[in-house]
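Just target_13.cif here, mmCIF, C-alpha atoms:
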data_start
#
loop_
_atom_site.label_atom_id
_atom_site.label_comp_id
_atom_site.auth_asym_id
_atom_site.auth_seq_id
_atom_site.Cartn_x
_atom_site.Cartn_y
_atom_site.Cartn_z
CA MET A 42 27.73 2.11 15.34
CA ASP A 43 30.40 2.82 17.89
CA ARG A 44 28.34 2.46 21.02
CA ALA A 45 26.48 -0.66 22.07
CA LEU A 46 22.72 -0.50 22.48
CA PRO A 47 20.99 -1.55 25.70
CA PRO A 48 20.38 -5.32 25.29
CA ARG A 49 16.60 -5.20 24.92
CA LEU A 50 16.77 -2.48 22.28
CA GLN A 51 19.51 -4.41 20.47
CA ALA A 52 17.30 -7.51 20.44
CA ILE A 53 14.46 -5.53 18.82
CA VAL A 54 16.78 -4.06 16.19
CA ASP A 55 18.01 -7.58 15.37
CA GLU A 56 14.45 -8.90 15.27
CA PHE A 57 13.55 -6.35 12.58
CA ALA A 58 16.78 -6.87 10.66
CA GLU A 59 16.04 -10.58 10.29
CA CYS A 60 12.55 -9.99 8.79
CA ASP A 61 11.60 -9.49 5.16
CA ARG A 62 9.80 -6.36 4.01
CA THR A 63 6.25 -7.52 4.68
CA GLU A 64 7.13 -8.97 8.05
CA ARG A 65 8.76 -5.69 9.08
CA LEU A 66 5.53 -3.78 8.58
CA ASP A 67 3.61 -6.44 10.50
CA LEU A 68 6.15 -6.30 13.31
CA LEU A 69 5.96 -2.51 13.46
CA LEU A 70 2.20 -2.82 13.73
CA GLU A 71 2.65 -5.28 16.61
CA TYR A 72 4.76 -2.76 18.46
CA ALA A 73 2.11 -0.11 17.77
CA ASN A 74 -0.57 -2.34 19.26
CA GLY A 75 1.68 -3.26 22.17
CA LEU A 76 2.31 0.30 23.29
CA PRO A 77 1.03 0.54 26.87
CA PRO A 78 -1.75 3.09 27.38
CA LEU A 79 -0.94 6.34 29.13
CA PRO A 80 -1.33 5.96 32.91
CA GLU A 81 -4.32 7.73 34.36
CA ARG A 82 -2.24 10.25 36.31
CA LEU A 83 -0.80 11.58 33.02
CA ALA A 84 -4.05 11.65 31.07
CA GLY A 85 -5.13 15.18 30.27
CA GLN A 86 -1.71 16.58 31.13
CA ASP A 87 0.26 18.75 28.78
CA LEU A 88 2.85 16.30 27.47
CA GLU A 89 5.66 17.23 25.10
CA ARG A 90 4.74 16.73 21.47
CA VAL A 91 7.27 15.20 19.11
CA HIS A 92 6.84 17.66 16.28
CA GLU A 93 9.19 15.78 13.98
CA CYS A 94 6.66 12.94 13.69
CA GLN A 95 4.22 13.38 10.84
CA THR A 96 1.37 12.19 12.98
CA PRO A 97 0.72 13.22 16.60
CA LEU A 98 2.90 11.68 19.30
CA PHE A 99 3.46 12.84 22.87
CA VAL A 100 6.21 11.65 25.18
CA GLN A 101 7.01 11.85 28.88
CA ALA A 102 10.29 10.51 30.30
CA GLU A 103 10.63 10.08 34.05
CA VAL A 104 13.12 8.58 36.49
CA ASP A 105 11.61 6.37 39.20
CA ASP A 106 12.74 5.80 42.81
CA ALA A 107 15.03 2.99 41.71
CA ASP A 108 16.75 5.38 39.24
CA ARG A 109 15.20 3.59 36.26
CA VAL A 110 13.91 5.43 33.23
CA ARG A 111 10.15 5.19 32.74
CA LEU A 112 8.71 6.12 29.35
CA PHE A 113 5.12 7.10 28.62
CA PHE A 114 3.58 7.85 25.25
CA ALA A 115 0.28 9.02 23.86
CA ALA A 116 -0.71 8.73 20.20
CA PRO A 117 -4.06 8.35 18.47
CA ASP A 118 -4.96 5.02 16.89
CA GLU A 119 -4.96 6.78 13.50
CA ALA A 120 -1.20 7.22 13.87
CA PRO A 121 0.08 3.63 13.98
CA THR A 122 3.51 4.47 12.59
CA SER A 123 4.28 6.94 15.38
CA LYS A 124 2.80 4.46 17.84
CA GLY A 125 5.02 1.73 16.42
CA PHE A 126 8.18 3.81 16.81
CA ALA A 127 7.10 4.69 20.35
CA GLY A 128 6.37 1.02 21.07
CA ILE A 129 9.88 0.01 19.98
CA ILE A 130 11.51 2.66 22.14
CA GLN A 131 9.25 1.87 25.09
CA ALA A 132 9.97 -1.85 24.89
CA GLY A 133 13.66 -1.28 24.31
CA LEU A 134 14.47 1.43 26.81
CA ASP A 135 11.85 1.51 29.58
CA GLY A 136 13.56 0.34 32.75
CA ALA A 137 17.06 1.14 31.53
CA SER A 138 19.34 3.44 33.50
CA VAL A 139 19.57 7.12 32.67
CA GLU A 140 23.17 6.58 31.57
CA GLU A 141 22.16 3.80 29.18
CA VAL A 142 19.45 5.91 27.58
CA LEU A 143 21.70 8.94 27.24
CA ALA A 144 24.37 6.74 25.64
CA THR A 145 21.97 5.28 23.07
CA PRO A 146 22.92 6.69 19.67
CA SER A 147 20.14 8.60 17.97
CA GLU A 148 20.69 6.60 14.77
CA PHE A 149 19.93 3.32 16.61
CA ALA A 150 17.14 2.46 14.15
CA MET A 151 19.40 2.54 11.08
CA GLY A 152 20.11 -1.18 11.21
CA MET A 153 16.46 -2.24 11.32
CA GLY A 154 15.81 -2.22 7.59
CA LEU A 155 12.69 -0.13 8.11
CA ALA A 156 13.72 2.78 5.90
CA GLU A 157 12.89 0.87 2.72
CA VAL A 158 9.33 0.15 3.84
CA VAL A 159 8.63 3.28 5.85
CA SER A 160 10.85 5.77 3.93
CA PRO A 161 14.04 7.40 5.25
CA LEU A 162 12.24 10.68 5.96
CA ARG A 163 9.77 9.04 8.31
CA MET A 164 12.58 7.16 10.05
CA ARG A 165 13.94 10.47 11.30
CA SER A 166 11.13 10.40 13.84
CA THR A 167 12.88 7.66 15.81
CA GLY A 168 15.93 9.84 16.42
CA ALA A 169 13.69 12.80 17.26
CA ILE A 170 11.73 10.82 19.84
CA LEU A 171 14.95 9.68 21.48
CA ALA A 172 16.41 13.20 21.42
CA ARG A 173 13.38 14.56 23.26
CA ILE A 174 13.54 11.74 25.81
CA LYS A 175 17.20 12.52 26.45
CA ARG A 176 16.51 16.22 26.87
CA GLN A 177 13.72 15.52 29.36
CA LEU A 178 15.97 13.18 31.32
CA VAL A 179 18.76 15.75 31.48
CA GLU A 180 16.25 18.30 32.77
CA ARG A 181 14.80 15.89 35.34
CA ALA A 182 17.98 14.17 36.45
CA PRO A 183 20.80 16.66 35.90
CA ASP A 184 23.17 14.76 38.19
CA ALA A 185 23.05 11.60 36.15
CA ALA A 186 23.85 13.48 32.99
CA SER A 187 26.96 15.16 34.30
CA MET B 6 -14.80 1.58 -19.96
CA PRO B 7 -15.01 4.20 -17.23
CA LEU B 8 -17.59 3.69 -14.52
CA PRO B 9 -20.64 5.99 -14.51
CA ALA B 10 -20.26 9.28 -12.65
CA ASP B 11 -21.82 9.75 -9.23
CA THR B 12 -25.09 11.65 -9.70
CA ASP B 13 -25.34 12.82 -6.09
CA PRO B 14 -26.93 16.33 -6.06
CA LYS B 15 -24.15 17.89 -3.96
CA LEU B 16 -21.57 16.79 -6.51
CA ALA B 17 -23.71 17.94 -9.45
CA ALA B 18 -23.13 21.57 -8.48
CA TYR B 19 -19.35 21.23 -8.95
CA ALA B 20 -17.69 22.06 -12.26
CA HIS B 21 -16.42 18.49 -12.76
CA PRO B 22 -18.61 16.21 -10.64
CA GLU B 23 -17.09 13.18 -12.39
CA ARG B 24 -13.89 13.75 -10.39
CA LEU B 25 -15.50 13.01 -7.03
CA VAL B 26 -17.53 10.13 -5.60
CA THR B 27 -19.53 9.81 -2.42
CA THR B 28 -19.02 7.00 0.07
CA GLN B 29 -22.40 5.57 -0.97
CA TRP B 30 -21.41 5.47 -4.64
CA LEU B 31 -18.19 3.71 -3.77
CA GLU B 32 -19.94 1.16 -1.60
CA ASP B 33 -22.41 0.48 -4.43
CA HIS B 34 -19.60 -0.03 -6.96
CA LEU B 35 -17.05 -1.96 -4.90
CA GLY B 36 -15.96 -4.99 -6.87
CA ASP B 37 -17.10 -3.61 -10.24
CA ASP B 38 -14.96 -4.48 -13.23
CA GLY B 39 -12.82 -1.55 -14.29
CA LEU B 40 -12.60 0.02 -10.82
CA VAL B 41 -9.49 0.11 -8.63
CA VAL B 42 -9.56 1.79 -5.23
CA LEU B 43 -6.33 3.17 -3.77
CA GLU B 44 -5.68 4.24 -0.19
CA CYS B 45 -2.96 6.89 0.19
CA ASN B 46 -2.17 8.05 3.70
CA GLU B 47 0.17 10.23 5.64
CA ASP B 48 0.67 7.27 7.98
CA VAL B 49 2.34 4.41 6.14
CA LEU B 50 0.94 1.72 8.49
CA LEU B 51 -2.65 2.90 8.65
CA TYR B 52 -3.73 0.83 5.64
CA HIS B 53 -2.62 -2.30 7.48
CA THR B 54 -4.90 -1.55 10.43
CA GLY B 55 -7.93 -1.73 8.14
CA HIS B 56 -9.02 -0.38 4.75
CA ILE B 57 -11.93 -0.42 2.34
CA PRO B 58 -12.36 -4.00 1.06
CA GLY B 59 -10.33 -4.50 -2.09
CA ALA B 60 -8.43 -1.21 -1.76
CA ARG B 61 -4.75 -1.25 -2.65
CA LYS B 62 -2.08 0.67 -0.81
CA LEU B 63 -0.24 3.56 -2.39
CA ASP B 64 2.44 5.31 -0.36
CA TRP B 65 3.36 8.81 -1.48
CA HIS B 66 6.92 8.59 -0.13
CA ILE B 67 7.82 5.19 -1.47
CA ASP B 68 5.62 4.73 -4.53
CA LEU B 69 5.35 8.20 -6.09
CA ASN B 70 8.74 9.79 -5.52
CA ASP B 71 12.03 9.11 -7.23
CA GLU B 72 14.40 7.44 -4.81
CA VAL B 73 17.31 9.77 -5.50
CA ALA B 74 16.27 13.09 -7.01
CA ARG B 75 13.59 15.27 -5.45
CA ASP B 76 11.12 14.55 -8.21
CA TYR B 77 8.35 12.16 -9.13
CA ILE B 78 8.75 8.73 -10.65
CA ASP B 79 9.26 8.60 -14.41
CA ALA B 80 6.99 7.09 -17.06
CA GLU B 81 8.38 3.57 -16.61
CA GLY B 82 8.07 3.83 -12.82
CA PHE B 83 4.50 5.07 -13.07
CA ALA B 84 3.57 2.25 -15.45
CA ARG B 85 5.12 -0.31 -13.08
CA MET B 86 3.34 1.20 -10.06
CA CYS B 87 -0.05 1.12 -11.82
CA ALA B 88 0.41 -2.33 -13.33
CA ALA B 89 1.28 -3.83 -9.95
CA ARG B 90 -2.00 -2.51 -8.59
CA GLY B 91 -4.08 -3.89 -11.43
CA ILE B 92 -4.57 -0.48 -13.04
CA GLY B 93 -4.73 -0.14 -16.81
CA ARG B 94 -4.97 3.12 -18.74
CA ASP B 95 -8.78 2.77 -18.96
CA THR B 96 -9.29 1.85 -15.29
CA THR B 97 -11.43 4.10 -13.12
CA VAL B 98 -9.23 4.91 -10.13
CA VAL B 99 -10.77 6.15 -6.89
CA ILE B 100 -8.33 7.44 -4.28
CA TYR B 101 -8.99 8.11 -0.61
CA GLY B 102 -6.85 8.65 2.45
CA ASP B 103 -6.42 9.93 5.98
CA ASN B 104 -6.09 13.50 7.16
CA PHE B 105 -8.72 15.18 4.97
CA ASN B 106 -7.48 13.41 1.84
CA TRP B 107 -4.22 15.41 1.73
CA TRP B 108 -2.17 12.60 0.25
CA ALA B 109 -5.07 11.23 -1.73
CA ALA B 110 -5.35 14.62 -3.46
CA TYR B 111 -1.59 14.64 -3.90
CA ALA B 112 -1.69 11.19 -5.49
CA LEU B 113 -4.57 12.25 -7.74
CA TRP B 114 -2.49 15.23 -8.85
CA VAL B 115 0.47 12.94 -9.65
CA PHE B 116 -1.87 10.65 -11.64
CA SER B 117 -2.93 13.80 -13.50
CA LEU B 118 0.72 14.62 -14.35
CA PHE B 119 0.68 11.35 -16.29
CA GLY B 120 -2.69 12.18 -17.79
CA HIS B 121 -4.50 9.17 -16.38
CA PRO B 122 -7.96 9.70 -17.87
CA ASP B 123 -10.30 8.69 -15.05
CA VAL B 124 -9.08 9.36 -11.53
CA ARG B 125 -11.46 10.41 -8.76
CA LEU B 126 -11.37 11.32 -5.10
CA LEU B 127 -13.62 9.86 -2.40
CA ASP B 128 -15.42 12.80 -0.76
CA GLY B 129 -14.60 12.73 2.95
CA GLY B 130 -11.84 10.16 2.56
CA ARG B 131 -11.07 7.45 5.06
CA ALA B 132 -12.56 9.32 8.01
CA ALA B 133 -16.01 9.68 6.43
CA TRP B 134 -16.09 6.03 5.36
CA ALA B 135 -15.12 4.87 8.86
CA ALA B 136 -17.47 7.31 10.62
CA GLU B 137 -20.40 5.96 8.61
CA GLY B 138 -19.60 2.46 9.86
CA ARG B 139 -18.96 1.10 6.37
CA ALA B 140 -17.02 -2.13 5.93
CA MET B 141 -13.29 -2.21 6.51
CA THR B 142 -10.91 -5.15 6.44
CA THR B 143 -7.30 -6.00 7.15
CA ASP B 144 -7.31 -8.58 4.31
CA GLU B 145 -4.99 -7.51 1.54
CA PRO B 146 -6.39 -8.15 -1.94
CA GLN B 147 -4.77 -10.57 -4.36
CA VAL B 148 -4.05 -8.39 -7.36
CA ALA B 149 -3.66 -9.63 -10.92
CA PRO B 150 -1.11 -7.30 -12.56
CA ALA B 151 -2.42 -5.22 -15.46
CA ASP B 152 -0.74 -3.69 -18.49
CA TYR B 153 -0.08 0.02 -18.25
CA PRO B 154 1.45 1.88 -21.19
CA ILE B 155 4.57 4.05 -20.89
CA VAL B 156 3.15 7.56 -20.89
CA GLN B 157 5.52 10.50 -20.35
CA ARG B 158 4.81 12.85 -17.47
CA ASP B 159 3.66 16.31 -18.52
CA ASP B 160 4.84 18.91 -15.98
CA GLU B 161 3.77 21.92 -18.05
CA ALA B 162 0.07 22.25 -17.38
CA ILE B 163 -0.43 21.65 -13.67
CA ARG B 164 3.01 21.74 -12.03
CA ALA B 165 4.94 24.91 -11.17
CA PHE B 166 8.65 25.15 -10.41
CA LYS B 167 10.52 27.80 -8.44
CA GLU B 168 11.36 29.75 -11.62
CA ASP B 169 7.67 29.75 -12.58
CA VAL B 170 6.72 31.16 -9.20
CA LEU B 171 9.40 33.88 -9.45
CA ALA B 172 8.06 34.89 -12.85
CA HIS B 173 4.49 34.78 -11.55
CA ILE B 174 5.00 37.39 -8.81
CA GLY B 175 3.04 40.46 -9.86
CA GLN B 176 1.68 38.66 -12.93
CA GLY B 177 -0.98 36.39 -11.45
CA PRO B 178 -2.50 35.13 -8.22
CA LEU B 179 -0.55 32.96 -5.80
CA VAL B 180 -2.42 31.10 -3.09
CA ASP B 181 -0.56 30.12 0.09
CA VAL B 182 -2.62 27.37 1.71
CA ARG B 183 -0.54 26.92 4.87
CA SER B 184 -1.74 27.85 8.35
CA PRO B 185 -1.76 31.56 9.28
CA GLY B 186 1.31 31.09 11.50
CA GLU B 187 3.31 29.61 8.64
CA PHE B 188 2.15 32.38 6.30
CA THR B 189 3.38 35.15 8.58
CA GLY B 190 6.59 33.25 9.32
CA GLU B 191 6.12 33.29 13.08
CA LEU B 192 6.14 29.47 13.28
CA LEU B 193 9.86 29.45 12.53
CA HIS B 194 10.41 31.34 15.73
CA MET B 195 8.68 29.02 18.14
CA PRO B 196 11.22 28.04 20.77
CA ASP B 197 12.66 24.50 20.84
CA TYR B 198 10.85 23.21 17.81
CA PRO B 199 12.75 22.42 14.66
CA GLN B 200 10.70 23.51 11.67
CA GLU B 201 11.55 20.86 9.11
CA GLY B 202 14.81 22.40 8.14
CA VAL B 203 13.50 25.56 6.56
CA GLN B 204 15.83 28.48 7.05
CA ARG B 205 13.50 31.40 6.41
CA GLY B 206 9.88 32.12 7.27
CA GLY B 207 7.23 34.19 5.57
CA HIS B 208 5.54 33.83 2.20
CA VAL B 209 6.03 34.47 -1.49
CA PRO B 210 5.38 38.18 -2.16
CA THR B 211 1.82 38.93 -3.35
CA ALA B 212 0.47 35.53 -2.20
CA SER B 213 -3.00 35.41 -0.63
CA SER B 214 -3.44 33.36 2.51
CA VAL B 215 -6.28 30.84 2.22
CA PRO B 216 -5.57 27.89 4.53
CA TRP B 217 -6.51 24.62 2.74
CA LYS B 218 -8.85 23.61 5.53
CA ARG B 219 -11.30 26.37 4.68
CA ALA B 220 -12.38 24.22 1.71
CA ALA B 221 -13.28 21.27 3.93
CA ASN B 222 -16.01 20.45 6.41
CA GLU B 223 -15.08 18.97 9.77
CA ASP B 224 -16.07 15.50 8.56
CA GLY B 225 -13.49 15.72 5.77
CA THR B 226 -15.92 16.30 2.90
CA PHE B 227 -15.58 19.29 0.62
CA LYS B 228 -17.71 22.36 1.15
CA THR B 229 -20.46 23.01 -1.36
CA ALA B 230 -19.79 24.76 -4.65
CA ASP B 231 -21.45 27.95 -3.37
CA GLU B 232 -19.42 27.96 -0.17
CA LEU B 233 -16.21 27.45 -2.14
CA ARG B 234 -17.03 30.25 -4.59
CA ALA B 235 -17.64 32.58 -1.63
CA ILE B 236 -14.09 31.95 -0.46
CA TYR B 237 -12.04 31.86 -3.65
CA ALA B 238 -14.07 34.13 -5.91
CA ASP B 239 -15.81 36.63 -3.63
CA GLU B 240 -13.17 36.89 -0.92
CA ILE B 241 -9.88 36.87 -2.81
CA GLY B 242 -11.25 37.65 -6.26
CA LEU B 243 -10.05 34.65 -8.26
CA GLU B 244 -11.65 34.05 -11.63
CA PRO B 245 -11.89 30.68 -13.38
CA SER B 246 -9.75 31.96 -16.27
CA ASP B 247 -6.92 33.14 -13.96
CA GLU B 248 -3.54 31.48 -14.02
CA VAL B 249 -3.22 30.45 -10.39
CA ILE B 250 -0.32 28.86 -8.51
CA THR B 251 -0.91 27.12 -5.18
CA TYR B 252 1.75 26.13 -2.67
CA CYS B 253 2.19 24.92 0.91
CA ARG B 254 5.10 23.14 2.59
CA ILE B 255 5.86 20.22 0.28
CA GLY B 256 2.87 20.31 -2.04
CA GLU B 257 0.37 18.04 -0.31
CA ARG B 258 -2.04 20.57 1.19
CA SER B 259 -1.80 22.65 -1.97
CA SER B 260 -2.84 19.56 -3.98
CA HIS B 261 -6.05 19.68 -1.96
CA THR B 262 -6.63 23.30 -2.95
CA TRP B 263 -5.50 22.55 -6.54
CA PHE B 264 -8.25 19.91 -6.67
CA VAL B 265 -10.82 22.36 -5.31
CA LEU B 266 -9.98 25.08 -7.81
CA THR B 267 -9.53 22.79 -10.82
CA HIS B 268 -12.20 20.15 -10.43
CA LEU B 269 -14.77 21.64 -8.07
CA LEU B 270 -14.73 25.24 -9.31
CA GLY B 271 -13.59 24.60 -12.88
CA PHE B 272 -10.48 26.78 -13.01
CA GLU B 273 -8.57 25.92 -16.16
CA HIS B 274 -5.03 27.03 -15.37
CA VAL B 275 -4.06 26.05 -11.85
CA ARG B 276 -0.56 24.82 -11.15
CA ASN B 277 0.67 23.26 -7.92
CA TYR B 278 4.15 24.32 -6.78
CA ASP B 279 5.30 21.09 -5.14
CA GLY B 280 8.70 22.50 -4.19
CA SER B 281 6.70 24.81 -1.96
CA TRP B 282 8.05 26.41 1.20
CA VAL B 283 10.64 23.71 1.90
CA GLU B 284 12.31 24.84 -1.33
CA TRP B 285 11.46 28.55 -1.28
CA GLY B 286 12.39 29.06 2.38
CA ASN B 287 15.82 27.54 1.71
CA ALA B 288 16.52 29.07 -1.70
CA VAL B 289 19.17 31.78 -2.00
CA ARG B 290 18.11 35.29 -3.02
CA VAL B 291 14.43 34.70 -3.62
CA PRO B 292 12.13 37.45 -2.35
CA ILE B 293 10.20 36.80 0.85
CA GLU B 294 7.42 38.88 2.32
CA LYS B 295 7.12 38.97 6.07
CA PRO B 296 4.97 41.32 8.09
#
So that I can check it, write out the structure of this file as structure tokens.
Amino acid sequence: MDRALPPRLQAIVDEFAECDRTERLDLLLEYANGLPPLPERLAGQDLERVHECQTPLFVQAEVDDADRVRLFFAAPDEAPTSKGFAGIIQAGLDGASVEEVLATPSEFAMGMGLAEVVSPLRMRSTGAILARIKRQLVERAPDAAS
Amino acid sequence: MPLPADTDPKLAAYAHPERLVTTQWLEDHLGDDGLVVLECNEDVLLYHTGHIPGARKLDWHIDLNDEVARDYIDAEGFARMCAARGIGRDTTVVIYGDNFNWWAAYALWVFSLFGHPDVRLLDGGRAAWAAEGRAMTTDEPQVAPADYPIVQRDDEAIRAFKEDVLAHIGQGPLVDVRSPGEFTGELLHMPDYPQEGVQRGGHVPTASSVPWKRAANEDGTFKTADELRAIYADEIGLEPSDEVITYCRIGERSSHTWFVLTHLLGFEHVRNYDGSWVEWGNAVRVPIEKP
């Protein structure tokens, strides 16, 4: 990849890359379980659905007063894979700057070694989640994107 | 030795009740010699969050498809997959899964391509089992590998290809089991949403629209034999001797309907077009009907 990943996301990618197949699934499940619940103020709101995910996943990207990106996700417990992808992106990019998120390549997950245990088709979801986050950020913070 | 069939009265009204088991039957037979339970889900991690005790994981992406060509595994691959899960040719295999058994039905259909003699679906799938509060575990079973013979896949009887569908237009019934929006083609025109890379919307000319979900109750179980006949026989006029082709997007929902027509209603000549709309909607110069 040409562009560097934000350090926390890079650390997660490396963490996966160093695991064997079984450990990768366990780790993905840990990220699914570690996904923070949707804050109360967003519950019941009409969040954007990531249609590229096979199982339901909703995402909201905001920029806080300190110009940091805040990421919120909702997914049912029956959709642990989508939750796991969301958990990785939340842990890796929440709190980053808008510029850092926009500069994160959509193929960031390629080096994780997940495709062989999750299938390449399902891995497309990670890029789709990031693409929707970027689009929301551009809509919410047009200055930062220009 | 196959396990005895489930004698539940609801199942007895189906054409082939031996192809379905209730959650109670499965609970009663868990651990029996000659039985292997497989969980096949849309979500590849779901099995690891908890499954029926002793159940083995089968992933439709990774375990049933060829890695390179868009096709199923070959005879050697199927034998390896079964052997690794402790399945022999005479094993009774019960499959269940998430999302109304879509992928469980798909896996059962793939097992049928290889002519596995005794393969059954769990009525209601994972959701029914969980809703009834039956045991689930995150422990993964230790499996002693079995011997499975090399048996060639037979695509003739129950699998349709694009050329078969083309030749079928005007000759026999086609059942489109996708949602009404996909059938009319309007879903391709929703703003902002990529539609899985399909270039054209609509349906195969002459196809009837019967969304797969009409065959299921809200709890994931199949509707009764009478209710199913009212839909497929009375409403769209299918007869058990008809040569029927079912299709959806990539063949999973149409496996569900294939199971209903073949095993619950006793149709003898139903083929599933697994290429489905992802192939048809991208193919050059095939006819498309769109209102």
Show which residues sit within 8 Å of Glu273 of chain B, as a ChimeraX atom specification. Count only C-alpha atoms, and ignore same-chain residues fewer than 6 positions away.
/B:245-248,267
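With only C-alpha atoms as the atoms that count, the residue of B:His208, B:His261, B:Arg234, B:Arg131 with the shortest distance to chain A is B:Arg131.
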Can you give me, as a list in words, the residues this file yields under the PyMOL selection byres ((chain A and resi 46-56) around 6)?
Ala45, Phe57, Ala58, Glu59, Gly133, Thr145 and Met153 of chain A
Within-12 Å shell of (-22.2, 3.6, 5.6) in input frame, all atoms listed in the file, as an MDAnalysis selection string:
chainID B and resid 27:33 57 131:141
Expand the PyMOL selection byres ((chain A and resi 132) around 9) into the explicit residue set it covers here, and present it as a CSV table (one decimal) with C-alpha atoms, keeping the file's coordinate frame.
chain,number,residue,atom,x,y,z
A,49,ARG,CA,16.6,-5.2,24.9
A,50,LEU,CA,16.8,-2.5,22.3
A,53,ILE,CA,14.5,-5.5,18.8
A,72,TYR,CA,4.8,-2.8,18.5
A,75,GLY,CA,1.7,-3.3,22.2
A,76,LEU,CA,2.3,0.3,23.3
A,127,ALA,CA,7.1,4.7,20.4
A,128,GLY,CA,6.4,1.0,21.1
A,129,ILE,CA,9.9,0.0,20.0
A,130,ILE,CA,11.5,2.7,22.1
A,131,GLN,CA,9.2,1.9,25.1
A,133,GLY,CA,13.7,-1.3,24.3
A,134,LEU,CA,14.5,1.4,26.8
A,135,ASP,CA,11.8,1.5,29.6
A,136,GLY,CA,13.6,0.3,32.8
Given the file shown, determine the residues that the PyMOL selection byres ((chain B and resi 56) around 9) selects; report them as a ChimeraX atom specification.
/B:44,51-55,57-62,131,140-145
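Here atom CA of Glu47 of chain B is placed at a distance of 22.8 Å from atom CA of Ala84 of chain B.
Residues in contact with Gln101 of chain A at 7 Å, where all atoms listed in the file are counted and same-chain residues fewer than 4 positions away are skipped, are listed as A:Leu88, A:Glu89, A:Leu112, A:Phe113, A:Phe114.
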Selection near Ile174 of chain A, 9 Å with all atoms listed in the file, sequence-local residues under 6 positions removed, as a short mmCIF file (atom, residue, chain, number, x, y, z; two decimals) with C-alpha atoms, keeping the file's coordinate frame:
data_model
loop_
_atom_site.label_atom_id
_atom_site.label_comp_id
_atom_site.auth_asym_id
_atom_site.auth_seq_id
_atom_site.Cartn_x
_atom_site.Cartn_y
_atom_site.Cartn_z
CA VAL A 100 6.21 11.65 25.18
CA GLN A 101 7.01 11.85 28.88
CA ALA A 102 10.29 10.51 30.30
CA GLU A 103 10.63 10.08 34.05
CA LEU A 112 8.71 6.12 29.35
CA VAL A 142 19.45 5.91 27.58
CA LEU A 143 21.70 8.94 27.24
#
Would you compute the distance between atom CA of Phe166 of chain B and atom CA of Ala212 of chain B? Give it in Å to one decimal.
15.6 Å
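Distances from A:Leu68, A:Asn74, A:Leu79, A:Ala172 to Gly154 of chain A were compared using all atoms listed in the file, and the smallest one belongs to A:Leu68.
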Near chain B, meaning an atom within 12 Å, which residues of chain A appear when counting only C-alpha atoms? Write them as a short mmCIF file (atom, residue, chain, number, x, y, z; two decimals) with C-alpha atoms, in the frame of the given file.
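And here is the file that came out, result_19.cif:
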data_model
loop_
_atom_site.label_atom_id
_atom_site.label_comp_id
_atom_site.auth_asym_id
_atom_site.auth_seq_id
_atom_site.Cartn_x
_atom_site.Cartn_y
_atom_site.Cartn_z
CA THR A 63 6.25 -7.52 4.68
CA GLU A 64 7.13 -8.97 8.05
CA ARG A 65 8.76 -5.69 9.08
CA LEU A 66 5.53 -3.78 8.58
CA ASP A 67 3.61 -6.44 10.50
CA LEU A 68 6.15 -6.30 13.31
CA LEU A 69 5.96 -2.51 13.46
CA LEU A 70 2.20 -2.82 13.73
CA GLU A 71 2.65 -5.28 16.61
CA TYR A 72 4.76 -2.76 18.46
CA ALA A 73 2.11 -0.11 17.77
CA ASN A 74 -0.57 -2.34 19.26
CA GLU A 89 5.66 17.23 25.10
CA ARG A 90 4.74 16.73 21.47
CA VAL A 91 7.27 15.20 19.11
CA HIS A 92 6.84 17.66 16.28
CA GLU A 93 9.19 15.78 13.98
CA CYS A 94 6.66 12.94 13.69
CA GLN A 95 4.22 13.38 10.84
CA THR A 96 1.37 12.19 12.98
CA PRO A 97 0.72 13.22 16.60
CA PRO A 117 -4.06 8.35 18.47
CA ASP A 118 -4.96 5.02 16.89
CA GLU A 119 -4.96 6.78 13.50
CA ALA A 120 -1.20 7.22 13.87
CA PRO A 121 0.08 3.63 13.98
CA THR A 122 3.51 4.47 12.59
CA SER A 123 4.28 6.94 15.38
CA LYS A 124 2.80 4.46 17.84
CA GLY A 125 5.02 1.73 16.42
CA PHE A 126 8.18 3.81 16.81
CA LEU A 155 12.69 -0.13 8.11
CA ALA A 156 13.72 2.78 5.90
CA GLU A 157 12.89 0.87 2.72
CA VAL A 158 9.33 0.15 3.84
CA VAL A 159 8.63 3.28 5.85
CA SER A 160 10.85 5.77 3.93
CA PRO A 161 14.04 7.40 5.25
CA LEU A 162 12.24 10.68 5.96
CA ARG A 163 9.77 9.04 8.31
CA MET A 164 12.58 7.16 10.05
CA ARG A 165 13.94 10.47 11.30
CA SER A 166 11.13 10.40 13.84
CA ALA A 169 13.69 12.80 17.26
CA ALA A 172 16.41 13.20 21.42
CA ARG A 173 13.38 14.56 23.26
CA ARG A 176 16.51 16.22 26.87
#
